[in-house]
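So the structure is just underneath, and the comments pick up after that.
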Amino acid sequence: MQSFGAPGGDSLIDRPAAYALVRAPEGVALVLARGGKYFLPGGGIEIGESPLDAVARELVEECRILAAPVCVEAEAVQFFTAASTAEHYRSHMSFVRCEFLGRQAGQGEHATRYVCELPSASSFVHEAHFWALARLLGG
């Protein structure tokens, strides 16, 4: 399994997460984070959820996108330190290919951007997200 980043401390918090690889008519959906960097729509997997369930929920919450999760396309481990808490994480990330179905009315939790070409690696919060998107776009 691909691994990105380095453990930042002795005490790591395990965080399973799932992220969507979904093509809307305008391009692949990305979330614009504070600081102007991108991440794929998604996040932590709640107790009792599968990665597919998690991305379907997160797409609606974050971007108001309705999508049908198809399959886990790739998996990776990303080590990172949360800027807000300085806690160190080991996140097992599942990247789920989804079929775009439409949008719900209203505003999502985050600004959504759509890309047709692969942005630079430095424009992503997590290296694993760039890697997964490059796989999807054939880059």
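In the structure tokens, each chain is lettered A, B, ... as it comes, each chain's residues begin at 1, and ligands are numbered from 1 in order of appearance.
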Exercise for the section: Just list the residues in region 9-125 of chain A DSSP gives alpha helix (DSSP H) on the backbone, as a ChimeraX atom specification. Expected result: /A:51-63
Please dump the current selection as a short mmCIF file (atom, residue, chain, number, x, y, z; two decimals), in the first residue's frame; keep N, CA and C atoms.
data_model
loop_
_atom_site.label_atom_id
_atom_site.label_comp_id
_atom_site.auth_asym_id
_atom_site.auth_seq_id
_atom_site.Cartn_x
_atom_site.Cartn_y
_atom_site.Cartn_z
N PRO A 51 -16.57 2.57 3.43
CA PRO A 51 -16.01 3.70 2.66
C PRO A 51 -17.01 4.24 1.63
N LEU A 52 -17.78 3.36 1.01
CA LEU A 52 -18.76 3.79 0.01
C LEU A 52 -19.87 4.63 0.65
N ASP A 53 -20.36 4.20 1.80
CA ASP A 53 -21.37 4.97 2.53
C ASP A 53 -20.82 6.34 2.94
N ALA A 54 -19.57 6.35 3.41
CA ALA A 54 -18.96 7.60 3.89
C ALA A 54 -18.85 8.63 2.77
N VAL A 55 -18.40 8.21 1.57
CA VAL A 55 -18.25 9.21 0.50
C VAL A 55 -19.60 9.72 0.02
N ALA A 56 -20.61 8.87 -0.02
CA ALA A 56 -21.94 9.33 -0.42
C ALA A 56 -22.43 10.40 0.55
N ARG A 57 -22.25 10.18 1.84
CA ARG A 57 -22.65 11.16 2.87
C ARG A 57 -21.82 12.43 2.77
N GLU A 58 -20.51 12.29 2.68
CA GLU A 58 -19.62 13.46 2.65
C GLU A 58 -19.82 14.31 1.40
N LEU A 59 -20.08 13.70 0.25
CA LEU A 59 -20.31 14.47 -0.97
C LEU A 59 -21.50 15.40 -0.82
N VAL A 60 -22.55 14.92 -0.18
CA VAL A 60 -23.73 15.77 0.04
C VAL A 60 -23.41 16.86 1.06
N GLU A 61 -22.80 16.48 2.19
CA GLU A 61 -22.51 17.46 3.24
C GLU A 61 -21.56 18.55 2.74
N GLU A 62 -20.49 18.16 2.09
CA GLU A 62 -19.45 19.12 1.72
C GLU A 62 -19.76 19.88 0.44
N CYS A 63 -20.31 19.18 -0.57
CA CYS A 63 -20.43 19.77 -1.91
C CYS A 63 -21.84 19.79 -2.47
#
Problem - Shell of 8 Å around Ala68 (chain A), only C-alpha atoms, local chain residues under 6 positions omitted, as a VMD selection string - result: chain A and resid 56 98 to 101
Writing out the chosen residues with N, CA and C atoms as an mmCIF file, in the first residue's frame:
data_model
loop_
_atom_site.group_PDB
_atom_site.id
_atom_site.type_symbol
_atom_site.label_atom_id
_atom_site.label_comp_id
_atom_site.auth_asym_id
_atom_site.auth_seq_id
_atom_site.Cartn_x
_atom_site.Cartn_y
_atom_site.Cartn_z
ATOM 1 N N ALA A 56 -20.606 8.866 -0.020
ATOM 2 C CA ALA A 56 -21.943 9.326 -0.425
ATOM 3 C C ALA A 56 -22.427 10.402 0.548
ATOM 4 N N CYS A 98 -16.909 7.226 -7.994
ATOM 5 C CA CYS A 98 -18.349 7.470 -7.894
ATOM 6 C C CYS A 98 -18.911 7.915 -9.238
ATOM 7 N N GLU A 99 -20.173 7.585 -9.450
ATOM 8 C CA GLU A 99 -20.897 8.043 -10.635
ATOM 9 C C GLU A 99 -21.712 9.272 -10.244
ATOM 10 N N PHE A 100 -21.492 10.368 -10.936
ATOM 11 C CA PHE A 100 -22.204 11.614 -10.675
ATOM 12 C C PHE A 100 -23.669 11.455 -11.047
ATOM 13 N N LEU A 101 -24.581 11.849 -10.131
ATOM 14 C CA LEU A 101 -26.023 11.765 -10.377
ATOM 15 C C LEU A 101 -26.683 13.133 -10.461
#
Practice task
Just the residues within 10 Å of region 76-90 of chain A, please, counting only C-alpha atoms, with nothing from its chain fewer than 5 positions along; format it as a list in words.
Solution key: Met1, Gln2, Ser3, Phe4, Gly5, Ala6, Pro7, Gly8, Gly9, Asp10, Ser11, Leu12, Ile13, Asp14, Arg15, Pro16, Ala17, Phe95, Val125, His126, Glu127, Ala128, His129, Trp131 and Ala132 of chain A
Would you save the residues from that selection as a PDB file, in the first residue's frame, using N, CA and C atoms?
ATOM      1  N   MET A   1       0.854  -1.174   0.000  1.00  0.00           N
ATOM      2  CA  MET A   1       0.000   0.000   0.000  1.00  0.00           C
ATOM      3  C   MET A   1       0.900   1.237   0.000  1.00  0.00           C
ATOM      4  N   GLN A   2       0.507   2.235  -0.782  1.00  0.00           N
ATOM      5  CA  GLN A   2       1.246   3.495  -0.848  1.00  0.00           C
ATOM      6  C   GLN A   2       1.185   4.195   0.507  1.00  0.00           C
ATOM      7  N   SER A   3       2.272   4.860   0.852  1.00  0.00           N
ATOM      8  CA  SER A   3       2.344   5.604   2.099  1.00  0.00           C
ATOM      9  C   SER A   3       2.930   6.978   1.800  1.00  0.00           C
ATOM     10  N   PHE A   4       2.369   8.017   2.446  1.00  0.00           N
ATOM     11  CA  PHE A   4       2.797   9.386   2.210  1.00  0.00           C
ATOM     12  C   PHE A   4       3.032  10.092   3.534  1.00  0.00           C
ATOM     13  N   GLY A   5       4.002  10.986   3.554  1.00  0.00           N
ATOM     14  CA  GLY A   5       4.329  11.714   4.769  1.00  0.00           C
ATOM     15  C   GLY A   5       5.143  10.847   5.710  1.00  0.00           C
ATOM     16  N   ALA A   6       5.424  11.378   6.866  1.00  0.00           N
ATOM     17  CA  ALA A   6       6.189  10.666   7.882  1.00  0.00           C
ATOM     18  C   ALA A   6       5.488  10.836   9.223  1.00  0.00           C
ATOM     19  N   PRO A   7       5.541   9.787  10.060  1.00  0.00           N
ATOM     20  CA  PRO A   7       4.928   9.917  11.386  1.00  0.00           C
ATOM     21  C   PRO A   7       5.532  11.116  12.116  1.00  0.00           C
ATOM     22  N   GLY A   8       4.665  11.961  12.679  1.00  0.00           N
ATOM     23  CA  GLY A   8       5.125  13.199  13.298  1.00  0.00           C
ATOM     24  C   GLY A   8       5.407  13.097  14.779  1.00  0.00           C
ATOM     25  N   GLY A   9       5.144  11.969  15.375  1.00  0.00           N
ATOM     26  CA  GLY A   9       5.364  11.852  16.809  1.00  0.00           C
ATOM     27  C   GLY A   9       5.196  10.408  17.258  1.00  0.00           C
ATOM     28  N   ASP A  10       5.391  10.187  18.552  1.00  0.00           N
ATOM     29  CA  ASP A  10       5.279   8.847  19.109  1.00  0.00           C
ATOM     30  C   ASP A  10       3.839   8.376  19.199  1.00  0.00           C
ATOM     31  N   SER A  11       2.927   9.305  19.430  1.00  0.00           N
ATOM     32  CA  SER A  11       1.528   8.963  19.614  1.00  0.00           C
ATOM     33  C   SER A  11       0.744   9.320  18.353  1.00  0.00           C
ATOM     34  N   LEU A  12       0.344   8.288  17.602  1.00  0.00           N
ATOM     35  CA  LEU A  12      -0.406   8.487  16.368  1.00  0.00           C
ATOM     36  C   LEU A  12      -1.869   8.124  16.586  1.00  0.00           C
ATOM     37  N   ILE A  13      -2.751   8.944  16.038  1.00  0.00           N
ATOM     38  CA  ILE A  13      -4.178   8.660  16.074  1.00  0.00           C
ATOM     39  C   ILE A  13      -4.537   8.022  14.740  1.00  0.00           C
ATOM     40  N   ASP A  14      -5.098   6.819  14.793  1.00  0.00           N
ATOM     41  CA  ASP A  14      -5.543   6.151  13.571  1.00  0.00           C
ATOM     42  C   ASP A  14      -6.861   6.768  13.133  1.00  0.00           C
ATOM     43  N   ARG A  15      -6.951   7.095  11.840  1.00  0.00           N
ATOM     44  CA  ARG A  15      -8.154   7.736  11.316  1.00  0.00           C
ATOM     45  C   ARG A  15      -8.503   7.136   9.959  1.00  0.00           C
ATOM     46  N   PRO A  16      -9.451   6.208   9.930  1.00  0.00           N
ATOM     47  CA  PRO A  16      -9.905   5.718   8.622  1.00  0.00           C
ATOM     48  C   PRO A  16     -10.732   6.791   7.933  1.00  0.00           C
ATOM     49  N   ALA A  17     -10.496   6.968   6.645  1.00  0.00           N
ATOM     50  CA  ALA A  17     -11.190   8.010   5.900  1.00  0.00           C
ATOM     51  C   ALA A  17     -11.475   7.520   4.485  1.00  0.00           C
ATOM     52  N   PHE A  95     -10.008   5.566  -1.582  1.00  0.00           N
ATOM     53  CA  PHE A  95     -10.431   6.466  -2.649  1.00  0.00           C
ATOM     54  C   PHE A  95     -11.475   5.746  -3.479  1.00  0.00           C
ATOM     55  N   VAL A 125      -3.581  19.496  -0.045  1.00  0.00           N
ATOM     56  CA  VAL A 125      -3.327  19.387   1.393  1.00  0.00           C
ATOM     57  C   VAL A 125      -2.563  18.093   1.677  1.00  0.00           C
ATOM     58  N   HIS A 126      -2.992  16.985   1.055  1.00  0.00           N
ATOM     59  CA  HIS A 126      -2.381  15.676   1.292  1.00  0.00           C
ATOM     60  C   HIS A 126      -1.824  15.103  -0.011  1.00  0.00           C
ATOM     61  N   GLU A 127      -0.608  14.594   0.066  1.00  0.00           N
ATOM     62  CA  GLU A 127       0.029  13.974  -1.097  1.00  0.00           C
ATOM     63  C   GLU A 127      -0.802  12.820  -1.648  1.00  0.00           C
ATOM     64  N   ALA A 128      -1.440  12.075  -0.760  1.00  0.00           N
ATOM     65  CA  ALA A 128      -2.226  10.911  -1.187  1.00  0.00           C
ATOM     66  C   ALA A 128      -3.378  11.330  -2.101  1.00  0.00           C
ATOM     67  N   HIS A 129      -3.944  12.507  -1.899  1.00  0.00           N
ATOM     68  CA  HIS A 129      -5.040  12.974  -2.745  1.00  0.00           C
ATOM     69  C   HIS A 129      -4.540  13.275  -4.158  1.00  0.00           C
ATOM     70  N   TRP A 131      -1.950  11.852  -5.574  1.00  0.00           N
ATOM     71  CA  TRP A 131      -1.646  10.530  -6.130  1.00  0.00           C
ATOM     72  C   TRP A 131      -2.917   9.856  -6.651  1.00  0.00           C
ATOM     73  N   ALA A 132      -3.994   9.878  -5.866  1.00  0.00           N
ATOM     74  CA  ALA A 132      -5.245   9.232  -6.276  1.00  0.00           C
ATOM     75  C   ALA A 132      -5.849   9.933  -7.481  1.00  0.00           C
TER      76      ALA A 132
END
Practice task
Could you please write out, as a PyMOL selection string, every residue of region 85-114 of chain A that DSSP assigns to strand (DSSP E or B)?
Solution key: chain A and resi 88-103+111-114
Store the residues of this selection in a file with N, CA and C atoms, as an mmCIF file, in the first residue's frame.
data_model
loop_
_atom_site.group_PDB
_atom_site.id
_atom_site.type_symbol
_atom_site.label_atom_id
_atom_site.label_comp_id
_atom_site.auth_asym_id
_atom_site.auth_seq_id
_atom_site.Cartn_x
_atom_site.Cartn_y
_atom_site.Cartn_z
ATOM 1 N N HIS A 88 -1.000 14.128 15.865
ATOM 2 C CA HIS A 88 -0.386 13.381 14.773
ATOM 3 C C HIS A 88 -1.316 12.237 14.350
ATOM 4 N N TYR A 89 -1.529 12.119 13.048
ATOM 5 C CA TYR A 89 -2.472 11.137 12.511
ATOM 6 C C TYR A 89 -1.813 10.176 11.539
ATOM 7 N N ARG A 90 -2.341 8.958 11.539
ATOM 8 C CA ARG A 90 -2.088 7.960 10.500
ATOM 9 C C ARG A 90 -3.470 7.682 9.911
ATOM 10 N N SER A 91 -3.692 8.196 8.709
ATOM 11 C CA SER A 91 -5.004 8.057 8.090
ATOM 12 C C SER A 91 -4.949 7.010 6.990
ATOM 13 N N HIS A 92 -5.736 5.955 7.178
ATOM 14 C CA HIS A 92 -5.897 4.959 6.118
ATOM 15 C C HIS A 92 -6.996 5.487 5.211
ATOM 16 N N MET A 93 -6.614 5.872 3.988
ATOM 17 C CA MET A 93 -7.538 6.520 3.063
ATOM 18 C C MET A 93 -7.982 5.570 1.968
ATOM 19 N N SER A 94 -9.290 5.460 1.804
ATOM 20 C CA SER A 94 -9.877 4.725 0.686
ATOM 21 C C SER A 94 -10.366 5.750 -0.325
ATOM 22 N N PHE A 95 -10.008 5.566 -1.582
ATOM 23 C CA PHE A 95 -10.431 6.466 -2.649
ATOM 24 C C PHE A 95 -11.475 5.746 -3.479
ATOM 25 N N VAL A 96 -12.687 6.298 -3.485
ATOM 26 C CA VAL A 96 -13.852 5.624 -4.039
ATOM 27 C C VAL A 96 -14.278 6.286 -5.349
ATOM 28 N N ARG A 97 -14.322 5.502 -6.409
ATOM 29 C CA ARG A 97 -14.837 5.996 -7.689
ATOM 30 C C ARG A 97 -16.356 6.078 -7.578
ATOM 31 N N CYS A 98 -16.909 7.226 -7.994
ATOM 32 C CA CYS A 98 -18.349 7.470 -7.894
ATOM 33 C C CYS A 98 -18.911 7.915 -9.238
ATOM 34 N N GLU A 99 -20.173 7.585 -9.450
ATOM 35 C CA GLU A 99 -20.897 8.043 -10.635
ATOM 36 C C GLU A 99 -21.712 9.272 -10.244
ATOM 37 N N PHE A 100 -21.492 10.368 -10.936
ATOM 38 C CA PHE A 100 -22.204 11.614 -10.675
ATOM 39 C C PHE A 100 -23.669 11.455 -11.047
ATOM 40 N N LEU A 101 -24.581 11.849 -10.131
ATOM 41 C CA LEU A 101 -26.023 11.765 -10.377
ATOM 42 C C LEU A 101 -26.683 13.133 -10.461
ATOM 43 N N GLY A 102 -26.130 14.129 -9.783
ATOM 44 C CA GLY A 102 -26.727 15.463 -9.777
ATOM 45 C C GLY A 102 -26.316 16.222 -8.536
ATOM 46 N N ARG A 103 -27.074 17.271 -8.244
ATOM 47 C CA ARG A 103 -26.767 18.113 -7.087
ATOM 48 C C ARG A 103 -28.022 18.366 -6.265
ATOM 49 N N ALA A 111 -16.230 25.169 -0.305
ATOM 50 C CA ALA A 111 -16.231 25.614 -1.694
ATOM 51 C C ALA A 111 -15.786 24.451 -2.580
ATOM 52 N N THR A 112 -16.530 24.209 -3.644
ATOM 53 C CA THR A 112 -16.209 23.117 -4.572
ATOM 54 C C THR A 112 -15.626 23.706 -5.844
ATOM 55 N N ARG A 113 -14.564 23.079 -6.334
ATOM 56 C CA ARG A 113 -13.945 23.449 -7.598
ATOM 57 C C ARG A 113 -13.920 22.206 -8.471
ATOM 58 N N TYR A 114 -13.892 22.408 -9.765
ATOM 59 C CA TYR A 114 -13.871 21.299 -10.714
ATOM 60 C C TYR A 114 -12.659 21.444 -11.618
#
Neighbouring residues of Phe39 (chain A) were defined as those with any atom within 6 Å, considering only C-alpha atoms; residues of the same chain fewer than 5 positions away were excluded. Please report them as a compact mmCIF listing (two decimals) with C-alpha atoms, in the first residue's frame.
# COMPACT_ATOMS: atom_id res chain seq x y z
CA LEU A 30 -12.32 19.02 -5.47
CA VAL A 31 -12.80 20.92 -2.21
CA PHE A 124 -3.01 19.62 -2.38
CA VAL A 125 -3.33 19.39 1.39
Problem - CA of Arg64 (chain A) to CA of Gln104 (chain A), straight-line distance in Å - result: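 These two atoms are separated by 5.0 Å.
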Handout entry: Distance in Å - CA of Leu21 (chain A) versus CA of Ala134 (chain A)
Key =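 Computed distance, CA of Leu21 (chain A) to CA of Ala134 (chain A), equals 10.6 Å.
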Practice task
Kindly give the distance, in Å, that separates CA of Leu136 (chain A) and CA of Pro41 (chain A), rounded to a single decimal.
Solution key: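 A separation of 14.4 Å between them.
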